[in-house]
>>> print(open('upload-v8.cif').read())   # mmCIF, C-alpha atoms
data_run
loop_
_atom_site.group_PDB
_atom_site.id
_atom_site.type_symbol
_atom_site.label_atom_id
_atom_site.label_comp_id
_atom_site.auth_asym_id
_atom_site.auth_seq_id
_atom_site.Cartn_x
_atom_site.Cartn_y
_atom_site.Cartn_z
ATOM 1 C CA MET A 1 -52.916 32.447 83.140
ATOM 2 C CA LYS A 2 -51.078 30.311 80.587
ATOM 3 C CA ARG A 3 -52.237 32.420 77.665
ATOM 4 C CA THR A 4 -51.170 35.650 79.358
ATOM 5 C CA ARG A 5 -47.783 34.164 80.226
ATOM 6 C CA CYS A 6 -47.363 33.098 76.593
ATOM 7 C CA ILE A 7 -48.236 36.604 75.400
ATOM 8 C CA PHE A 8 -45.682 38.183 77.757
ATOM 9 C CA ALA A 9 -43.055 35.627 76.698
ATOM 10 C CA VAL A 10 -43.666 36.224 72.986
ATOM 11 C CA PHE A 11 -43.462 40.001 73.407
ATOM 12 C CA LEU A 12 -40.254 39.686 75.431
ATOM 13 C CA THR A 13 -38.723 37.427 72.783
ATOM 14 C CA LEU A 14 -39.758 39.803 69.998
ATOM 15 C CA LEU A 15 -38.335 42.778 71.911
ATOM 16 C CA GLY A 16 -35.041 40.922 72.320
ATOM 17 C CA VAL A 17 -34.922 40.035 68.628
ATOM 18 C CA ALA A 18 -35.770 43.616 67.626
ATOM 19 C CA LEU A 19 -33.065 45.056 69.863
ATOM 20 C CA LEU A 20 -30.612 42.487 68.548
ATOM 21 C CA ALA A 21 -31.435 43.519 64.986
ATOM 22 C CA TYR A 22 -31.083 47.232 65.805
ATOM 23 C CA THR A 23 -27.683 46.873 67.465
ATOM 24 C CA PRO A 24 -25.780 48.082 64.356
ATOM 25 C CA VAL A 25 -28.058 51.136 64.242
ATOM 26 C CA PHE A 26 -27.434 52.071 67.875
ATOM 27 C CA TYR A 27 -23.736 51.142 68.021
ATOM 28 C CA HIS A 28 -21.590 51.766 64.942
ATOM 29 C CA ALA A 29 -18.320 50.554 66.440
ATOM 30 C CA PHE A 30 -17.329 47.325 68.151
ATOM 31 C CA SER A 31 -17.216 48.339 71.809
ATOM 32 C CA PRO A 32 -17.974 46.974 75.282
ATOM 33 C CA ALA A 33 -21.285 48.863 75.233
ATOM 34 C CA ALA A 34 -22.264 47.138 71.981
ATOM 35 C CA LEU A 35 -21.347 43.739 73.416
ATOM 36 C CA SER A 36 -23.396 44.470 76.519
ATOM 37 C CA PHE A 37 -26.370 45.462 74.377
ATOM 38 C CA VAL A 38 -26.120 42.283 72.286
ATOM 39 C CA GLY A 39 -25.688 40.148 75.392
ATOM 40 C CA SER A 40 -28.719 41.593 77.133
ATOM 41 C CA SER A 41 -30.798 41.221 73.962
ATOM 42 C CA LEU A 42 -29.819 37.558 73.757
ATOM 43 C CA LEU A 43 -30.700 37.182 77.441
ATOM 44 C CA TRP A 44 -34.233 38.460 76.809
ATOM 45 C CA VAL A 45 -34.649 36.147 73.806
ATOM 46 C CA PHE A 46 -33.476 33.224 75.936
ATOM 47 C CA LEU A 47 -35.744 34.141 78.859
ATOM 48 C CA GLY A 48 -38.808 34.518 76.640
ATOM 49 C CA THR A 49 -38.114 31.263 74.817
ATOM 50 C CA THR A 50 -37.546 29.430 78.096
ATOM 51 C CA ASN A 51 -40.886 30.624 79.395
ATOM 52 C CA LEU A 52 -42.609 29.519 76.196
ATOM 53 C CA LEU A 53 -41.111 26.062 76.561
ATOM 54 C CA LEU A 54 -42.077 25.746 80.237
ATOM 55 C CA VAL A 55 -45.685 26.913 79.986
ATOM 56 C CA GLY A 56 -47.398 23.558 79.466
ATOM 57 C CA ARG A 57 -45.175 21.491 81.743
ATOM 58 C CA ARG A 58 -46.470 20.022 85.009
ATOM 59 C CA GLU A 59 -43.288 18.831 86.695
ATOM 60 C CA LEU A 60 -42.171 20.624 89.825
ATOM 61 C CA TRP A 61 -38.620 21.175 88.565
ATOM 62 C CA THR A 62 -39.901 23.124 85.544
ATOM 63 C CA TYR A 63 -41.920 25.345 87.875
ATOM 64 C CA VAL A 64 -38.842 26.032 90.018
ATOM 65 C CA VAL A 65 -36.620 26.687 86.979
ATOM 66 C CA GLY A 66 -39.190 29.126 85.598
ATOM 67 C CA LEU A 67 -39.479 30.996 88.893
ATOM 68 C CA ILE A 68 -35.714 31.264 89.363
ATOM 69 C CA SER A 69 -35.072 32.397 85.792
ATOM 70 C CA ASN A 70 -37.869 34.973 85.928
ATOM 71 C CA ALA A 71 -36.687 36.321 89.288
ATOM 72 C CA ALA A 72 -33.105 36.583 88.023
ATOM 73 C CA GLY A 73 -34.286 38.247 84.809
ATOM 74 C CA LEU A 74 -36.360 40.720 86.808
ATOM 75 C CA ALA A 75 -33.359 41.592 88.975
ATOM 76 C CA VAL A 76 -31.177 42.148 85.900
ATOM 77 C CA ALA A 77 -33.889 44.234 84.217
ATOM 78 C CA VAL A 78 -34.277 46.464 87.281
ATOM 79 C CA ALA A 79 -30.501 46.901 87.419
ATOM 80 C CA MET A 80 -30.557 47.907 83.752
ATOM 81 C CA ILE A 81 -33.216 50.539 84.461
ATOM 82 C CA TRP A 82 -31.015 51.901 87.187
ATOM 83 C CA THR A 83 -28.084 52.283 84.776
ATOM 84 C CA LEU A 84 -29.700 52.959 81.375
ATOM 85 C CA ARG A 85 -33.006 54.777 81.947
ATOM 86 C CA GLU A 86 -34.181 54.083 78.395
ATOM 87 C CA PHE A 87 -37.694 53.282 77.188
ATOM 88 C CA HIS A 88 -36.965 49.684 76.241
ATOM 89 C CA SER A 89 -35.628 49.042 79.749
ATOM 90 C CA TYR A 90 -38.925 50.082 81.310
ATOM 91 C CA LEU A 91 -40.845 47.988 78.796
ATOM 92 C CA ARG A 92 -38.622 45.025 79.610
ATOM 93 C CA VAL A 93 -39.313 45.325 83.334
ATOM 94 C CA ILE A 94 -43.048 45.387 82.695
ATOM 95 C CA LEU A 95 -42.850 42.268 80.518
ATOM 96 C CA ILE A 96 -40.627 40.337 82.927
ATOM 97 C CA ALA A 97 -42.704 41.375 85.950
ATOM 98 C CA GLY A 98 -45.754 40.037 84.119
ATOM 99 C CA LEU A 99 -43.922 36.800 83.385
ATOM 100 C CA PHE A 100 -42.879 36.495 87.017
ATOM 101 C CA ILE A 101 -46.378 37.171 88.336
ATOM 102 C CA PHE A 102 -48.051 34.743 85.948
ATOM 103 C CA SER A 103 -45.446 32.050 86.578
ATOM 104 C CA LEU A 104 -46.370 31.961 90.274
ATOM 105 C CA ASP A 105 -49.288 29.646 89.482
ATOM 106 C CA PRO A 106 -48.109 26.234 90.725
ATOM 107 C CA PRO A 107 -48.436 23.257 88.393
ATOM 108 C CA ALA A 108 -51.402 20.943 88.783
ATOM 109 C CA ARG A 109 -50.798 17.527 90.265
ATOM 110 C CA SER A 110 -50.022 14.983 87.604
ATOM 111 C CA THR A 111 -51.984 11.750 87.347
ATOM 112 C CA ARG A 112 -48.955 9.742 88.478
ATOM 113 C CA GLN A 113 -48.790 11.712 91.735
ATOM 114 C CA ALA A 114 -52.549 11.288 92.298
ATOM 115 C CA ILE A 115 -52.287 7.489 92.024
ATOM 116 C CA GLU A 116 -49.502 7.220 94.591
#
>>> encode(input="upload-v8.cif", output="structure tokens")
Amino acid sequence: MKRTRCIFAVFLTLLGVALLAYTPVFYHAFSPAALSFVGSSLLWVFLGTTNLLLVGRRELWTYVVGLISNAAGLAVAVAMIWTLREFHSYLRVILIAGLFIFSLDPPARSTRQAIE
């Protein structure tokens, strides 16, 4: 589960970085559409990096933060499919849905909780 979540997170981060790098190719002028594209690319980089940082953690708050961020990212990605209908939007939904599904595994009890 952890390895699959890491793979999804790395691919999502790489997709965000690639889209961020291709922004000048897609948008030649400074416009609200270009800012939206850059902002969503940064969001995917942030979401992927957050998931990579939270994978090995066992605290309950990290589990909750991961679930909330993945659910919010999935909602935004579905909304982007509804408006954009581009290939990278569908790929993004698949990656974030995978992250959400594989982040549903609750953390194991820590040794401190087992002693108490």
>>> resolve_selection(input="upload-v8.cif", expression="the PyMOL selection byres ((chain A and resi 48) around 7)", output="count of residues only")
12
>>> residues_around(input="upload-v8.cif", residues="Gly73 (chain A)", least_positions_apart="5", cutoff="9 Å", atoms="all atoms listed in the file", output="list in words")
Leu43, Trp44, Leu47, Ile68, Val78, Val93 and Ile96 of chain A
>>> write_last_selection(input="upload-v8.cif", atoms="C-alpha atoms", output="CSV table (one decimal), keeping the file's coordinate frame")
chain,number,residue,atom,x,y,z
A,43,LEU,CA,-30.7,37.2,77.4
A,44,TRP,CA,-34.2,38.5,76.8
A,47,LEU,CA,-35.7,34.1,78.9
A,68,ILE,CA,-35.7,31.3,89.4
A,78,VAL,CA,-34.3,46.5,87.3
A,93,VAL,CA,-39.3,45.3,83.3
A,96,ILE,CA,-40.6,40.3,82.9
>>> atom_distance(input="upload-v8.cif", atom1="CA of Trp82 (chain A)", atom2="CA of Gly39 (chain A)")
17.5 Å
>>> closest_residue(input="upload-v8.cif", among="A:Leu53, A:Val25, A:Leu104, A:Leu19", to="Cys6 (chain A)", atoms="only C-alpha atoms")
A:Leu53
>>> closest_residue(input="upload-v8.cif", among="A:Leu14, A:Ile7, A:Leu84, A:Val64", to="Phe37 (chain A)", atoms="all atoms listed in the file")
A:Leu84
>>> closest_residue(input="upload-v8.cif", among="A:Ala18, A:Leu99, A:Leu42, A:Ala33", to="Lys2 (chain A)", atoms="only C-alpha atoms")
A:Leu99
>>> closest_residue(input="upload-v8.cif", among="A:Ala29, A:Arg3, A:Ser41, A:Arg92", to="Ala79 (chain A)", atoms="all atoms listed in the file")
A:Arg92
>>> decode(input="upload-v8.cif", residues="chain A", atoms="C-alpha atoms", output="PDB file, in the first residue's frame")
ATOM      1  CA  MET A   1       0.000   0.000   0.000  1.00  0.00           C
ATOM      2  CA  LYS A   2       2.738   2.464   0.943  1.00  0.00           C
ATOM      3  CA  ARG A   3       4.756   1.753  -2.179  1.00  0.00           C
ATOM      4  CA  THR A   4       1.736   2.215  -4.438  1.00  0.00           C
ATOM      5  CA  ARG A   5       0.831   5.465  -2.690  1.00  0.00           C
ATOM      6  CA  CYS A   6       4.410   6.677  -3.178  1.00  0.00           C
ATOM      7  CA  ILE A   7       4.269   5.795  -6.876  1.00  0.00           C
ATOM      8  CA  PHE A   8       0.996   7.703  -7.340  1.00  0.00           C
ATOM      9  CA  ALA A   9       2.399  10.674  -5.400  1.00  0.00           C
ATOM     10  CA  VAL A  10       5.606  10.769  -7.453  1.00  0.00           C
ATOM     11  CA  PHE A  11       3.688  10.599 -10.735  1.00  0.00           C
ATOM     12  CA  LEU A  12       1.324  13.356  -9.594  1.00  0.00           C
ATOM     13  CA  THR A  13       4.261  15.548  -8.579  1.00  0.00           C
ATOM     14  CA  LEU A  14       6.024  14.911 -11.890  1.00  0.00           C
ATOM     15  CA  LEU A  15       2.834  15.696 -13.822  1.00  0.00           C
ATOM     16  CA  GLY A  16       2.506  18.974 -11.921  1.00  0.00           C
ATOM     17  CA  VAL A  17       6.130  19.890 -12.601  1.00  0.00           C
ATOM     18  CA  ALA A  18       5.783  18.990 -16.290  1.00  0.00           C
ATOM     19  CA  LEU A  19       2.640  21.080 -16.673  1.00  0.00           C
ATOM     20  CA  LEU A  20       4.314  23.932 -14.827  1.00  0.00           C
ATOM     21  CA  ALA A  21       7.259  23.757 -17.220  1.00  0.00           C
ATOM     22  CA  TYR A  22       4.979  23.658 -20.281  1.00  0.00           C
ATOM     23  CA  THR A  23       2.918  26.678 -19.243  1.00  0.00           C
ATOM     24  CA  PRO A  24       4.811  29.063 -21.584  1.00  0.00           C
ATOM     25  CA  VAL A  25       4.184  26.629 -24.449  1.00  0.00           C
ATOM     26  CA  PHE A  26       0.436  26.447 -23.830  1.00  0.00           C
ATOM     27  CA  TYR A  27      -0.110  30.101 -22.879  1.00  0.00           C
ATOM     28  CA  HIS A  28       1.937  32.763 -24.670  1.00  0.00           C
ATOM     29  CA  ALA A  29       0.387  35.752 -22.919  1.00  0.00           C
ATOM     30  CA  PHE A  30      -0.070  36.625 -19.263  1.00  0.00           C
ATOM     31  CA  SER A  31      -3.762  35.933 -18.712  1.00  0.00           C
ATOM     32  CA  PRO A  32      -6.161  34.606 -16.068  1.00  0.00           C
ATOM     33  CA  ALA A  33      -6.165  31.238 -17.853  1.00  0.00           C
ATOM     34  CA  ALA A  34      -2.369  31.057 -17.600  1.00  0.00           C
ATOM     35  CA  LEU A  35      -2.495  31.925 -13.901  1.00  0.00           C
ATOM     36  CA  SER A  36      -5.122  29.252 -13.340  1.00  0.00           C
ATOM     37  CA  PHE A  37      -2.972  26.695 -15.146  1.00  0.00           C
ATOM     38  CA  VAL A  38       0.104  27.595 -13.079  1.00  0.00           C
ATOM     39  CA  GLY A  39      -1.914  27.562  -9.867  1.00  0.00           C
ATOM     40  CA  SER A  40      -3.399  24.146 -10.520  1.00  0.00           C
ATOM     41  CA  SER A  41       0.021  22.772 -11.484  1.00  0.00           C
ATOM     42  CA  LEU A  42       1.450  24.046  -8.205  1.00  0.00           C
ATOM     43  CA  LEU A  43      -1.503  22.482  -6.383  1.00  0.00           C
ATOM     44  CA  TRP A  44      -0.697  19.059  -7.847  1.00  0.00           C
ATOM     45  CA  VAL A  45       2.992  19.423  -6.950  1.00  0.00           C
ATOM     46  CA  PHE A  46       2.001  20.368  -3.403  1.00  0.00           C
ATOM     47  CA  LEU A  47      -0.492  17.502  -3.086  1.00  0.00           C
ATOM     48  CA  GLY A  48       1.990  14.920  -4.361  1.00  0.00           C
ATOM     49  CA  THR A  49       4.763  16.206  -2.112  1.00  0.00           C
ATOM     50  CA  THR A  50       2.442  16.249   0.895  1.00  0.00           C
ATOM     51  CA  ASN A  51       1.516  12.637   0.290  1.00  0.00           C
ATOM     52  CA  LEU A  52       5.177  11.672  -0.011  1.00  0.00           C
ATOM     53  CA  LEU A  53       5.905  13.325   3.316  1.00  0.00           C
ATOM     54  CA  LEU A  54       2.953  11.675   5.078  1.00  0.00           C
ATOM     55  CA  VAL A  55       3.480   8.111   3.869  1.00  0.00           C
ATOM     56  CA  GLY A  56       5.640   6.794   6.709  1.00  0.00           C
ATOM     57  CA  ARG A  57       3.955   8.671   9.544  1.00  0.00           C
ATOM     58  CA  ARG A  58       1.896   6.868  12.192  1.00  0.00           C
ATOM     59  CA  GLU A  59       0.189   9.733  13.999  1.00  0.00           C
ATOM     60  CA  LEU A  60      -3.555  10.067  13.636  1.00  0.00           C
ATOM     61  CA  TRP A  61      -3.402  13.746  12.663  1.00  0.00           C
ATOM     62  CA  THR A  62      -1.206  12.946   9.646  1.00  0.00           C
ATOM     63  CA  TYR A  63      -3.741  10.342   8.533  1.00  0.00           C
ATOM     64  CA  VAL A  64      -6.580  12.873   8.805  1.00  0.00           C
ATOM     65  CA  VAL A  65      -4.598  15.598   7.003  1.00  0.00           C
ATOM     66  CA  GLY A  66      -3.788  13.176   4.186  1.00  0.00           C
ATOM     67  CA  LEU A  67      -7.411  12.098   3.802  1.00  0.00           C
ATOM     68  CA  ILE A  68      -8.736  15.664   3.790  1.00  0.00           C
ATOM     69  CA  SER A  69      -6.133  16.914   1.318  1.00  0.00           C
ATOM     70  CA  ASN A  70      -6.684  13.960  -1.015  1.00  0.00           C
ATOM     71  CA  ALA A  71     -10.471  14.345  -0.877  1.00  0.00           C
ATOM     72  CA  ALA A  72     -10.204  18.077  -1.588  1.00  0.00           C
ATOM     73  CA  GLY A  73      -7.744  17.435  -4.421  1.00  0.00           C
ATOM     74  CA  LEU A  74     -10.071  14.824  -5.899  1.00  0.00           C
ATOM     75  CA  ALA A  75     -12.989  17.261  -5.788  1.00  0.00           C
ATOM     76  CA  VAL A  76     -10.927  19.961  -7.514  1.00  0.00           C
ATOM     77  CA  ALA A  77      -9.677  17.488 -10.133  1.00  0.00           C
ATOM     78  CA  VAL A  78     -13.216  16.332 -10.939  1.00  0.00           C
ATOM     79  CA  ALA A  79     -14.314  19.961 -11.240  1.00  0.00           C
ATOM     80  CA  MET A  80     -11.427  20.558 -13.642  1.00  0.00           C
ATOM     81  CA  ILE A  81     -12.540  17.620 -15.794  1.00  0.00           C
ATOM     82  CA  TRP A  82     -15.982  19.127 -15.913  1.00  0.00           C
ATOM     83  CA  THR A  83     -14.602  22.441 -17.203  1.00  0.00           C
ATOM     84  CA  LEU A  84     -11.491  21.486 -19.214  1.00  0.00           C
ATOM     85  CA  ARG A  85     -12.023  18.004 -20.683  1.00  0.00           C
ATOM     86  CA  GLU A  86      -8.326  17.613 -21.497  1.00  0.00           C
ATOM     87  CA  PHE A  87      -6.185  14.481 -21.291  1.00  0.00           C
ATOM     88  CA  HIS A  88      -4.065  15.653 -18.374  1.00  0.00           C
ATOM     89  CA  SER A  89      -7.227  16.311 -16.354  1.00  0.00           C
ATOM     90  CA  TYR A  90      -8.334  12.702 -16.713  1.00  0.00           C
ATOM     91  CA  LEU A  91      -4.851  11.483 -15.834  1.00  0.00           C
ATOM     92  CA  ARG A  92      -4.873  13.718 -12.771  1.00  0.00           C
ATOM     93  CA  VAL A  93      -8.170  12.280 -11.548  1.00  0.00           C
ATOM     94  CA  ILE A  94      -6.833   8.753 -11.905  1.00  0.00           C
ATOM     95  CA  LEU A  95      -3.692   9.614  -9.929  1.00  0.00           C
ATOM     96  CA  ILE A  96      -5.549  11.454  -7.164  1.00  0.00           C
ATOM     97  CA  ALA A  97      -8.219   8.747  -6.916  1.00  0.00           C
ATOM     98  CA  GLY A  98      -5.406   6.230  -6.467  1.00  0.00           C
ATOM     99  CA  LEU A  99      -3.854   8.411  -3.781  1.00  0.00           C
ATOM    100  CA  PHE A 100      -7.198   8.733  -2.023  1.00  0.00           C
ATOM    101  CA  ILE A 101      -7.902   5.000  -2.149  1.00  0.00           C
ATOM    102  CA  PHE A 102      -4.451   4.023  -0.911  1.00  0.00           C
ATOM    103  CA  SER A 103      -4.496   6.647   1.836  1.00  0.00           C
ATOM    104  CA  LEU A 104      -7.566   5.017   3.400  1.00  0.00           C
ATOM    105  CA  ASP A 105      -5.321   2.498   5.164  1.00  0.00           C
ATOM    106  CA  PRO A 106      -5.326   3.661   8.801  1.00  0.00           C
ATOM    107  CA  PRO A 107      -1.993   4.031  10.579  1.00  0.00           C
ATOM    108  CA  ALA A 108      -0.793   1.229  12.820  1.00  0.00           C
ATOM    109  CA  ARG A 109      -0.888   1.784  16.549  1.00  0.00           C
ATOM    110  CA  SER A 110       2.333   3.263  17.811  1.00  0.00           C
ATOM    111  CA  THR A 111       4.262   1.640  20.642  1.00  0.00           C
ATOM    112  CA  ARG A 112       3.407   4.528  22.969  1.00  0.00           C
ATOM    113  CA  GLN A 113      -0.318   3.894  22.485  1.00  0.00           C
ATOM    114  CA  ALA A 114       0.144   0.141  23.058  1.00  0.00           C
ATOM    115  CA  ILE A 115       1.842   0.739  26.425  1.00  0.00           C
ATOM    116  CA  GLU A 116      -0.935   2.971  27.739  1.00  0.00           C
TER     117      GLU A 116
END
